[in-house]
>>> print(open('entry_17.cif').read())   # mmCIF, C-alpha atoms
data_structure
loop_
_atom_site.label_atom_id
_atom_site.label_comp_id
_atom_site.auth_asym_id
_atom_site.auth_seq_id
_atom_site.Cartn_x
_atom_site.Cartn_y
_atom_site.Cartn_z
CA MET A 1 137.87 2.90 32.87
CA THR A 2 135.38 5.14 31.06
CA LEU A 3 131.84 5.15 32.42
CA ARG A 4 128.97 4.78 29.94
CA PHE A 5 126.42 7.58 30.31
CA ALA A 6 122.79 7.60 29.18
CA TYR A 7 120.09 10.27 29.26
CA ASN A 8 116.52 9.60 30.39
CA THR A 9 113.80 10.51 27.91
CA ASN A 10 111.56 11.70 30.76
CA GLY A 11 113.84 14.73 30.56
CA ALA A 12 112.96 15.23 26.90
CA ALA A 13 109.19 14.89 27.17
CA ASN A 14 108.53 17.82 24.82
CA HIS A 15 110.52 16.24 22.01
CA ARG A 16 109.53 13.48 19.61
CA LEU A 17 111.31 10.28 20.58
CA ASP A 18 113.44 10.17 17.42
CA ASP A 19 114.47 13.79 17.92
CA ALA A 20 115.38 13.09 21.55
CA LEU A 21 117.43 10.04 20.56
CA THR A 22 119.28 12.11 17.97
CA LEU A 23 120.08 14.85 20.49
CA ILE A 24 121.31 12.25 22.99
CA ALA A 25 123.53 10.52 20.45
CA GLU A 26 124.93 13.75 19.03
CA ALA A 27 125.89 14.92 22.54
CA GLY A 28 128.03 11.80 22.93
CA TYR A 29 126.04 9.60 25.29
CA HIS A 30 126.43 5.84 25.14
CA GLY A 31 122.77 5.09 25.68
CA VAL A 32 119.26 6.12 26.59
CA ALA A 33 117.00 5.42 29.54
CA LEU A 34 113.73 5.12 27.66
CA THR A 35 110.66 5.92 29.76
CA LEU A 36 107.76 4.20 28.04
CA ASP A 37 104.93 6.71 27.69
CA HIS A 38 101.99 7.64 25.49
CA HIS A 39 104.31 9.77 23.31
CA HIS A 40 107.51 7.72 23.61
CA LEU A 41 107.00 4.12 22.44
CA ASP A 42 103.49 3.70 23.82
CA PRO A 43 103.36 0.12 25.14
CA PHE A 44 99.58 -0.03 24.68
CA ALA A 45 99.39 1.31 21.13
CA ASP A 46 98.35 -0.88 18.24
CA GLY A 47 101.53 -2.08 16.60
CA TRP A 48 103.65 -1.57 19.74
CA ALA A 49 105.93 -4.48 18.77
CA ARG A 50 106.58 -3.01 15.30
CA GLU A 51 107.37 0.34 16.90
CA ALA A 52 109.74 -1.35 19.34
CA GLU A 53 111.52 -3.00 16.39
CA ARG A 54 111.77 0.36 14.65
CA VAL A 55 113.19 2.02 17.77
CA ALA A 56 115.63 -0.88 18.19
CA ALA A 57 116.92 -0.28 14.66
CA ARG A 58 117.22 3.43 15.36
CA LEU A 59 119.21 2.75 18.53
CA ARG A 60 121.58 0.49 16.61
CA THR A 61 122.07 3.14 13.95
CA LEU A 62 122.88 5.75 16.59
CA GLY A 63 125.10 3.39 18.59
CA LEU A 64 123.00 3.72 21.73
CA GLY A 65 122.41 1.11 24.41
CA ALA A 66 119.23 1.21 26.45
CA VAL A 67 117.56 0.79 29.80
CA ILE A 68 113.77 0.60 29.86
CA GLU A 69 112.15 2.83 32.49
CA THR A 70 108.53 2.50 33.64
CA GLY A 71 107.84 5.64 35.67
CA ALA A 72 105.45 7.43 33.30
CA ARG A 73 103.04 9.56 35.32
CA TYR A 74 99.65 9.06 33.65
CA LEU A 75 100.13 6.12 31.32
CA LEU A 76 97.81 3.76 33.22
CA ASP A 77 95.36 6.25 34.74
CA PRO A 78 94.80 9.74 33.31
CA ARG A 79 93.42 11.00 36.63
CA ASP A 80 95.81 9.52 39.22
CA LYS A 81 99.57 9.96 38.92
CA HIS A 82 101.53 6.68 38.79
CA GLU A 83 98.44 4.59 39.59
CA PRO A 84 97.70 1.73 39.70
CA THR A 85 100.83 0.21 41.25
CA LEU A 86 101.97 -3.11 42.71
CA VAL A 87 100.60 -1.98 46.10
CA THR A 88 97.19 -0.73 44.92
CA ALA A 89 94.31 -2.21 46.92
CA ASP A 90 92.26 -3.08 43.83
CA PRO A 91 93.40 -6.48 42.47
CA ALA A 92 92.46 -5.46 38.93
CA GLY A 93 94.67 -2.39 39.27
CA ARG A 94 97.61 -4.46 40.47
CA ALA A 95 97.06 -6.85 37.58
CA ARG A 96 97.18 -3.94 35.15
CA ARG A 97 100.52 -2.80 36.58
CA VAL A 98 101.90 -6.34 36.31
CA ALA A 99 100.72 -6.53 32.69
CA PHE A 100 102.41 -3.21 31.93
CA LEU A 101 105.68 -4.37 33.48
CA ALA A 102 105.47 -7.62 31.52
CA ARG A 103 105.02 -5.59 28.33
CA ALA A 104 108.01 -3.45 29.33
CA VAL A 105 110.07 -6.64 29.64
CA GLU A 106 108.99 -7.69 26.15
CA ILE A 107 109.93 -4.29 24.72
CA ALA A 108 113.27 -4.42 26.55
CA ALA A 109 113.99 -7.77 24.92
CA ILE A 110 113.24 -6.34 21.47
CA VAL A 111 115.52 -3.32 21.92
CA GLN A 112 118.14 -5.46 23.71
CA ALA A 113 118.07 -3.29 26.81
CA GLU A 114 120.31 -3.91 29.79
CA THR A 115 117.42 -4.08 32.26
CA VAL A 116 113.89 -2.92 33.05
CA SER A 117 113.71 -0.48 35.97
CA PHE A 118 110.54 -0.10 38.05
CA TRP A 119 109.36 0.81 41.54
CA ALA A 120 106.85 -0.49 44.12
CA GLY A 121 104.34 2.35 44.40
CA VAL A 122 102.84 4.46 47.20
CA PRO A 123 100.34 2.71 49.49
CA LYS A 124 97.10 4.66 49.61
CA PRO A 125 95.55 5.68 52.97
CA GLY A 126 94.01 2.65 54.67
CA VAL A 127 96.46 0.15 53.15
CA THR A 128 98.52 -1.56 55.86
CA ARG A 129 102.22 -2.14 55.30
CA ALA A 130 101.66 -5.89 55.71
CA ASP A 131 99.08 -5.93 52.92
CA ALA A 132 101.23 -3.72 50.70
CA LEU A 133 104.23 -6.03 51.07
CA ASP A 134 102.12 -9.13 50.45
CA TRP A 135 100.73 -7.61 47.23
CA LEU A 136 104.19 -6.46 46.23
CA ASP A 137 105.66 -9.92 46.75
CA ALA A 138 102.95 -11.48 44.62
CA GLY A 139 103.39 -8.96 41.82
CA LEU A 140 107.17 -9.25 41.87
CA ALA A 141 106.94 -13.01 41.56
CA GLN A 142 104.88 -12.65 38.38
CA VAL A 143 107.12 -9.97 36.87
CA ILE A 144 110.34 -11.82 37.68
CA ASP A 145 108.94 -15.09 36.34
CA HIS A 146 108.06 -13.43 33.03
CA ALA A 147 111.43 -11.66 32.88
CA THR A 148 113.26 -14.92 33.51
CA ARG A 149 111.45 -16.53 30.57
CA MET A 150 112.46 -13.55 28.42
CA ALA A 151 116.06 -13.63 29.72
CA MET A 152 115.73 -9.96 30.72
CA PRO A 153 117.07 -8.72 34.08
CA VAL A 154 114.69 -6.55 36.10
CA SER A 155 115.72 -3.97 38.68
CA LEU A 156 113.69 -2.39 41.50
CA GLU A 157 114.26 1.28 42.31
CA PRO A 158 113.77 2.40 45.92
CA GLU A 159 111.79 5.63 45.70
CA PRO A 160 111.24 8.17 48.51
CA GLY A 161 107.71 7.90 49.88
CA MET A 162 107.01 4.52 48.30
CA ALA A 163 106.57 1.13 49.97
CA ILE A 164 110.22 0.43 49.11
CA GLU A 165 112.07 3.70 49.59
CA THR A 166 115.57 2.79 50.79
CA VAL A 167 118.24 0.29 49.83
CA ALA A 168 117.62 -1.37 53.21
CA ASP A 169 114.02 -1.94 52.12
CA TYR A 170 115.34 -3.46 48.90
CA ASP A 171 117.47 -5.85 50.98
CA LEU A 172 114.32 -7.34 52.50
CA LEU A 173 112.89 -8.02 49.05
CA ALA A 174 116.13 -9.41 47.65
CA VAL A 175 116.11 -12.16 50.27
CA ARG A 176 112.80 -13.43 48.88
CA HIS A 177 113.52 -12.51 45.24
CA PRO A 178 117.22 -13.21 44.64
CA ASP A 179 116.93 -12.52 40.90
CA LEU A 180 115.71 -8.96 41.52
CA ARG A 181 118.47 -6.43 40.92
CA LEU A 182 118.79 -2.94 42.39
CA ALA A 183 118.09 0.18 40.34
CA LEU A 184 119.98 2.74 42.39
CA ASP A 185 119.08 6.40 42.04
CA THR A 186 121.93 8.08 43.90
CA GLY A 187 119.86 11.23 44.50
CA HIS A 188 117.32 9.24 46.49
CA CYS A 189 120.04 8.42 49.00
CA LEU A 190 120.30 12.14 49.73
CA VAL A 191 116.54 12.41 50.18
CA THR A 192 116.14 9.50 52.59
CA GLN A 193 119.63 10.05 54.08
CA ASP A 194 119.92 6.40 55.08
CA ILE A 195 123.22 5.83 53.27
CA ALA A 196 125.71 7.94 51.35
CA PRO A 197 125.37 7.51 47.56
CA ASP A 198 128.97 6.38 47.04
CA ALA A 199 128.70 3.98 49.99
CA ALA A 200 125.56 2.46 48.43
CA ILE A 201 127.44 1.88 45.18
CA HIS A 202 130.19 -0.01 47.00
CA ALA A 203 127.79 -1.93 49.24
CA TYR A 204 125.58 -3.12 46.37
CA ALA A 205 128.22 -3.46 43.65
CA ASP A 206 127.23 -7.05 42.86
CA ARG A 207 123.47 -6.26 42.78
CA LEU A 208 123.33 -3.12 40.64
CA GLY A 209 121.18 -3.46 37.54
CA THR A 210 121.35 0.23 36.63
CA VAL A 211 122.29 3.53 38.25
CA ALA A 212 120.62 6.94 37.87
CA ILE A 213 122.44 10.17 38.64
CA GLU A 214 121.50 13.83 38.98
CA ASP A 215 122.08 16.55 41.53
CA MET A 216 119.74 16.77 44.51
CA ARG A 217 119.49 18.52 47.86
CA ARG A 218 119.39 16.60 51.11
CA GLY A 219 115.81 15.82 52.08
CA ASP A 220 114.34 17.35 48.89
CA HIS A 221 113.22 15.03 46.08
CA THR A 222 113.84 17.47 43.24
CA HIS A 223 116.03 16.36 40.32
CA LEU A 224 118.50 19.15 39.63
CA PRO A 225 121.18 19.79 36.99
CA PHE A 226 124.68 18.98 38.14
CA GLY A 227 126.24 21.60 40.39
CA GLN A 228 122.94 22.88 41.83
CA GLY A 229 122.53 20.52 44.81
CA ASP A 230 124.39 18.68 47.54
CA MET A 231 125.54 15.63 45.61
CA ASP A 232 129.24 14.78 45.82
CA MET A 233 129.31 13.72 42.20
CA PRO A 234 133.09 13.11 42.04
CA ALA A 235 132.63 10.60 44.89
CA VAL A 236 129.75 8.91 43.03
CA LEU A 237 131.68 8.71 39.75
CA GLY A 238 134.76 7.54 41.61
CA ALA A 239 132.80 4.77 43.31
CA LEU A 240 131.31 3.59 40.01
CA THR A 241 134.75 3.56 38.45
CA ALA A 242 136.25 1.75 41.44
CA ILE A 243 133.75 -1.14 41.25
CA GLY A 244 134.23 -1.43 37.49
CA PHE A 245 130.59 -0.57 36.71
CA ASP A 246 130.13 -1.22 33.00
CA ARG A 247 126.37 -0.72 32.66
CA LEU A 248 124.67 2.51 31.68
CA VAL A 249 124.77 5.38 34.19
CA CYS A 250 121.55 7.27 33.47
CA VAL A 251 121.19 11.02 33.84
CA GLU A 252 117.64 11.73 35.07
CA LEU A 253 116.60 15.36 34.74
CA SER A 254 112.83 15.00 34.42
CA ARG A 255 112.18 18.69 35.13
CA GLU A 256 114.43 19.86 32.31
CA SER A 257 112.17 18.86 29.40
CA PRO A 258 111.41 22.47 28.33
CA ARG A 259 115.13 23.00 27.75
CA ALA A 260 116.20 19.46 26.88
CA HIS A 261 118.08 20.64 23.80
CA LEU A 262 120.40 22.50 26.19
CA ALA A 263 120.26 20.21 29.23
CA ILE A 264 121.30 17.09 27.30
CA PRO A 265 124.71 18.43 26.15
CA GLU A 266 125.22 20.44 29.35
CA ALA A 267 124.90 17.36 31.54
CA ILE A 268 127.42 15.21 29.69
CA GLY A 269 129.77 18.17 29.39
CA TRP A 270 129.65 18.58 33.16
CA LEU A 271 130.25 14.87 33.70
CA ARG A 272 133.23 14.86 31.37
CA GLY A 273 134.70 17.72 33.32
CA ALA A 274 134.12 15.89 36.60
CA MET A 275 135.70 12.69 35.25
CA ALA A 276 138.72 14.62 34.06
#
>>> encode(input="entry_17.cif", output="structure tokens")
Amino acid sequence: MTLRFAYNTNGAANHRLDDALTLIAEAGYHGVALTLDHHHLDPFADGWAREAERVAARLRTLGLGAVIETGARYLLDPRDKHEPTLVTADPAGRARRVAFLARAVEIAAIVQAETVSFWAGVPKPGVTRADALDWLDAGLAQVIDHATRMAMPVSLEPEPGMAIETVADYDLLAVRHPDLRLALDTGHCLVTQDIAPDAAIHAYADRLGTVAIEDMRRGDHTHLPFGQGDMDMPAVLGALTAIGFDRLVCVELSRESPRAHLAIPEAIGWLRGAMA
């Protein structure tokens, strides 16, 4: 089996979206993880639906599949990174995050993406875990309901430091939201050290909506090019192959934007070597 690799546009933030898509396609990737942002298919711009249709046509021309990512840093608040979230104390803020995720689902449907990936958020000081989980449950119910109507799978990514940071945390949510899939970032397993990345792939084989890969050091949430961290990438690729994973495997090198023109082909070249 040949795995299908994608590259995340948060690692090409200094490039125009069309230029980034061209670089990704020319390097030989099968798809793109498209992080919606003010400069890459702005979901709040006038004419966002027309732009989504245009991008969908471009993806078809280039032969690229897609995953829609929602981790833009300052898209909703120019002063507070990633805020507001599904666990923000302000109800209006939570509603804005839900509306953004609903829009992401609509864009995903237009571009025929495999899934929409999103995370819970970081509870601010003074927010109890009980309140955060109650707000998260309520927001998830709205997002999943909208996604079900749009026939678009949605996947939650456990993120170090957030209300849902491990796959075990995801398990608790999945009991209450059985239609919620897992967006597994294998590097995060090295940060939290709760489960080995390849073990997580096997354990959640029937729940995986998408998988992100990169190198990373144990306990350090820094996305690194392959070969610069502690990730046993052959084990990860072997596990994905063993379970017959046929969705996009997304390379996430968000710190490599200044050299994306080099990082994009380097990453898939490294992966091809590892697969061989």
>>> atom_distance(input="entry_17.cif", atom1="CA of Pro158 (chain A)", atom2="CA of Thr85 (chain A)")
13.9 Å
>>> resolve_selection(input="entry_17.cif", expression="the PyMOL selection byres ((chain A and resi 157) around 9)", output="ChimeraX atom specification")
/A:117-120,155-156,158-159,164-167,170,181-185
>>> residues_around(input="entry_17.cif", residues="Glu51 (chain A)", least_positions_apart="5", cutoff="12 Å", atoms="all atoms listed in the file", output="list in words")
Leu17, Asp18, Leu36, His39, His40, Leu41, Asp42, Pro43, Phe44, Ala45, Asp46, Ala56, Ala57, Arg58, Ile107, Ile110 and Val111 of chain A
>>> residues_near_point(input="entry_17.cif", point="(108.3, 0.6, 34.1)", cutoff="9 Å", atoms="only C-alpha atoms", output="ChimeraX atom specification")
/A:35-36,68-72,97,100-101,104-105,116-119
>>> atom_distance(input="entry_17.cif", atom1="CA of Leu34 (chain A)", atom2="CA of His223 (chain A)")
17.1 Å
>>> closest_residue(input="entry_17.cif", among="A:Leu76, A:Leu21, A:Val249, A:Val98", to="Gly63 (chain A)", atoms="all atoms listed in the file")
A:Leu21
>>> atom_distance(input="entry_17.cif", atom1="CA of Val32 (chain A)", atom2="CA of Leu64 (chain A)")
6.6 Å
>>> residues_around(input="entry_17.cif", residues="region 251-267 of chain A", least_positions_apart="4", cutoff="7 Å", atoms="only C-alpha atoms", output="count of residues only")
19
>>> resolve_selection(input="entry_17.cif", expression="the PyMOL selection byres ((chain A and resi 153) around 9)", output="list of chain:residue names")
A:Val105, A:Glu114, A:Thr115, A:Val116, A:Ile144, A:Ala147, A:Thr148, A:Met150, A:Ala151, A:Met152, A:Val154, A:Ser155, A:Asp179, A:Leu180, A:Arg181, A:Gly209
>>> resolve_selection(input="entry_17.cif", expression="the PyMOL selection byres ((chain A and resi 245) around 9)", output="compact mmCIF listing (two decimals) with C-alpha atoms, keeping the file's coordinate frame")
# COMPACT_ATOMS: atom_id res chain seq x y z
CA MET A 1 137.87 2.90 32.87
CA LEU A 3 131.84 5.15 32.42
CA ARG A 4 128.97 4.78 29.94
CA ALA A 205 128.22 -3.46 43.65
CA LEU A 208 123.33 -3.12 40.64
CA ALA A 239 132.80 4.77 43.31
CA LEU A 240 131.31 3.59 40.01
CA THR A 241 134.75 3.56 38.45
CA ALA A 242 136.25 1.75 41.44
CA ILE A 243 133.75 -1.14 41.25
CA GLY A 244 134.23 -1.43 37.49
CA ASP A 246 130.13 -1.22 33.00
CA ARG A 247 126.37 -0.72 32.66
CA LEU A 248 124.67 2.51 31.68
CA VAL A 249 124.77 5.38 34.19
>>> closest_atom_pairs(input="entry_17.cif", of="region 144-209 of chain A", to="region 229-237 of chain A", cutoff="8 Å", atoms="only C-alpha atoms", output="JSON lines")
{"residue": "A:Thr186", "atom": "CA", "partner": "A:Val236", "partner_atom": "CA", "distance": 7.9}
{"residue": "A:Gly187", "atom": "CA", "partner": "A:Met231", "partner_atom": "CA", "distance": 7.3}
{"residue": "A:Leu190", "atom": "CA", "partner": "A:Met231", "partner_atom": "CA", "distance": 7.5}
{"residue": "A:Pro197", "atom": "CA", "partner": "A:Val236", "partner_atom": "CA", "distance": 6.5}
{"residue": "A:Asp198", "atom": "CA", "partner": "A:Val236", "partner_atom": "CA", "distance": 4.8}
{"residue": "A:Ile201", "atom": "CA", "partner": "A:Val236", "partner_atom": "CA", "distance": 7.7}
>>> closest_residue(input="entry_17.cif", among="A:His177, A:Arg54, A:His38, A:His188", to="His221 (chain A)", atoms="all atoms listed in the file")
A:His188
>>> residues_around(input="entry_17.cif", residues="Arg176 (chain A)", least_positions_apart="6", cutoff="10 Å", atoms="all atoms listed in the file", output="MDAnalysis selection string")
chainID A and resid 137 140:141
>>> build_atoms(input="entry_17.cif", residues="region 233-257 of chain A", atoms="N, CA and C atoms", output="PDB file, in the frame of the given file")
ATOM      1  N   MET A 233     129.272  14.501  43.418  1.00  0.00           N
ATOM      2  CA  MET A 233     129.310  13.720  42.200  1.00  0.00           C
ATOM      3  C   MET A 233     130.687  13.102  41.927  1.00  0.00           C
ATOM      4  N   PRO A 234     131.804  13.794  42.212  1.00  0.00           N
ATOM      5  CA  PRO A 234     133.090  13.110  42.040  1.00  0.00           C
ATOM      6  C   PRO A 234     133.191  11.831  42.860  1.00  0.00           C
ATOM      7  N   ALA A 235     132.613  11.821  44.070  1.00  0.00           N
ATOM      8  CA  ALA A 235     132.630  10.600  44.890  1.00  0.00           C
ATOM      9  C   ALA A 235     131.788   9.503  44.251  1.00  0.00           C
ATOM     10  N   VAL A 236     130.623   9.885  43.692  1.00  0.00           N
ATOM     11  CA  VAL A 236     129.750   8.910  43.030  1.00  0.00           C
ATOM     12  C   VAL A 236     130.447   8.324  41.803  1.00  0.00           C
ATOM     13  N   LEU A 237     131.000   9.181  40.964  1.00  0.00           N
ATOM     14  CA  LEU A 237     131.680   8.710  39.750  1.00  0.00           C
ATOM     15  C   LEU A 237     132.910   7.888  40.113  1.00  0.00           C
ATOM     16  N   GLY A 238     133.597   8.302  41.162  1.00  0.00           N
ATOM     17  CA  GLY A 238     134.760   7.540  41.610  1.00  0.00           C
ATOM     18  C   GLY A 238     134.383   6.156  42.107  1.00  0.00           C
ATOM     19  N   ALA A 239     133.250   6.067  42.812  1.00  0.00           N
ATOM     20  CA  ALA A 239     132.800   4.770  43.310  1.00  0.00           C
ATOM     21  C   ALA A 239     132.401   3.851  42.148  1.00  0.00           C
ATOM     22  N   LEU A 240     131.695   4.399  41.170  1.00  0.00           N
ATOM     23  CA  LEU A 240     131.310   3.590  40.010  1.00  0.00           C
ATOM     24  C   LEU A 240     132.531   3.095  39.251  1.00  0.00           C
ATOM     25  N   THR A 241     133.518   3.959  39.119  1.00  0.00           N
ATOM     26  CA  THR A 241     134.750   3.560  38.450  1.00  0.00           C
ATOM     27  C   THR A 241     135.484   2.496  39.257  1.00  0.00           C
ATOM     28  N   ALA A 242     135.519   2.670  40.567  1.00  0.00           N
ATOM     29  CA  ALA A 242     136.250   1.750  41.440  1.00  0.00           C
ATOM     30  C   ALA A 242     135.672   0.333  41.394  1.00  0.00           C
ATOM     31  N   ILE A 243     134.354   0.203  41.275  1.00  0.00           N
ATOM     32  CA  ILE A 243     133.750  -1.140  41.250  1.00  0.00           C
ATOM     33  C   ILE A 243     133.726  -1.710  39.838  1.00  0.00           C
ATOM     34  N   GLY A 244     134.212  -0.947  38.857  1.00  0.00           N
ATOM     35  CA  GLY A 244     134.230  -1.430  37.490  1.00  0.00           C
ATOM     36  C   GLY A 244     132.843  -1.514  36.878  1.00  0.00           C
ATOM     37  N   PHE A 245     131.973  -0.549  37.200  1.00  0.00           N
ATOM     38  CA  PHE A 245     130.590  -0.570  36.710  1.00  0.00           C
ATOM     39  C   PHE A 245     130.585  -0.341  35.209  1.00  0.00           C
ATOM     40  N   ASP A 246     130.083  -1.324  34.462  1.00  0.00           N
ATOM     41  CA  ASP A 246     130.130  -1.220  33.000  1.00  0.00           C
ATOM     42  C   ASP A 246     128.753  -1.099  32.364  1.00  0.00           C
ATOM     43  N   ARG A 247     127.704  -0.924  33.190  1.00  0.00           N
ATOM     44  CA  ARG A 247     126.370  -0.720  32.660  1.00  0.00           C
ATOM     45  C   ARG A 247     126.122   0.782  32.481  1.00  0.00           C
ATOM     46  N   LEU A 248     124.976   1.106  31.914  1.00  0.00           N
ATOM     47  CA  LEU A 248     124.670   2.510  31.680  1.00  0.00           C
ATOM     48  C   LEU A 248     124.430   3.258  32.984  1.00  0.00           C
ATOM     49  N   VAL A 249     124.993   4.453  33.076  1.00  0.00           N
ATOM     50  CA  VAL A 249     124.770   5.380  34.190  1.00  0.00           C
ATOM     51  C   VAL A 249     123.850   6.465  33.631  1.00  0.00           C
ATOM     52  N   CYS A 250     122.616   6.508  34.130  1.00  0.00           N
ATOM     53  CA  CYS A 250     121.550   7.270  33.470  1.00  0.00           C
ATOM     54  C   CYS A 250     121.300   8.613  34.133  1.00  0.00           C
ATOM     55  N   VAL A 251     121.474   9.673  33.368  1.00  0.00           N
ATOM     56  CA  VAL A 251     121.190  11.020  33.840  1.00  0.00           C
ATOM     57  C   VAL A 251     119.675  11.223  33.824  1.00  0.00           C
ATOM     58  N   GLU A 252     119.088  11.558  34.978  1.00  0.00           N
ATOM     59  CA  GLU A 252     117.640  11.730  35.070  1.00  0.00           C
ATOM     60  C   GLU A 252     117.301  13.148  35.493  1.00  0.00           C
ATOM     61  N   LEU A 253     116.947  13.956  34.504  1.00  0.00           N
ATOM     62  CA  LEU A 253     116.600  15.360  34.740  1.00  0.00           C
ATOM     63  C   LEU A 253     115.183  15.610  34.235  1.00  0.00           C
ATOM     64  N   SER A 254     114.210  15.001  34.904  1.00  0.00           N
ATOM     65  CA  SER A 254     112.830  15.000  34.420  1.00  0.00           C
ATOM     66  C   SER A 254     112.207  16.387  34.384  1.00  0.00           C
ATOM     67  N   ARG A 255     112.743  17.340  35.127  1.00  0.00           N
ATOM     68  CA  ARG A 255     112.180  18.690  35.130  1.00  0.00           C
ATOM     69  C   ARG A 255     112.780  19.591  34.051  1.00  0.00           C
ATOM     70  N   GLU A 256     113.725  19.052  33.295  1.00  0.00           N
ATOM     71  CA  GLU A 256     114.430  19.860  32.310  1.00  0.00           C
ATOM     72  C   GLU A 256     113.869  19.736  30.897  1.00  0.00           C
ATOM     73  N   SER A 257     112.724  19.078  30.741  1.00  0.00           N
ATOM     74  CA  SER A 257     112.170  18.860  29.400  1.00  0.00           C
ATOM     75  C   SER A 257     112.018  20.138  28.575  1.00  0.00           C
TER      76      SER A 257
END
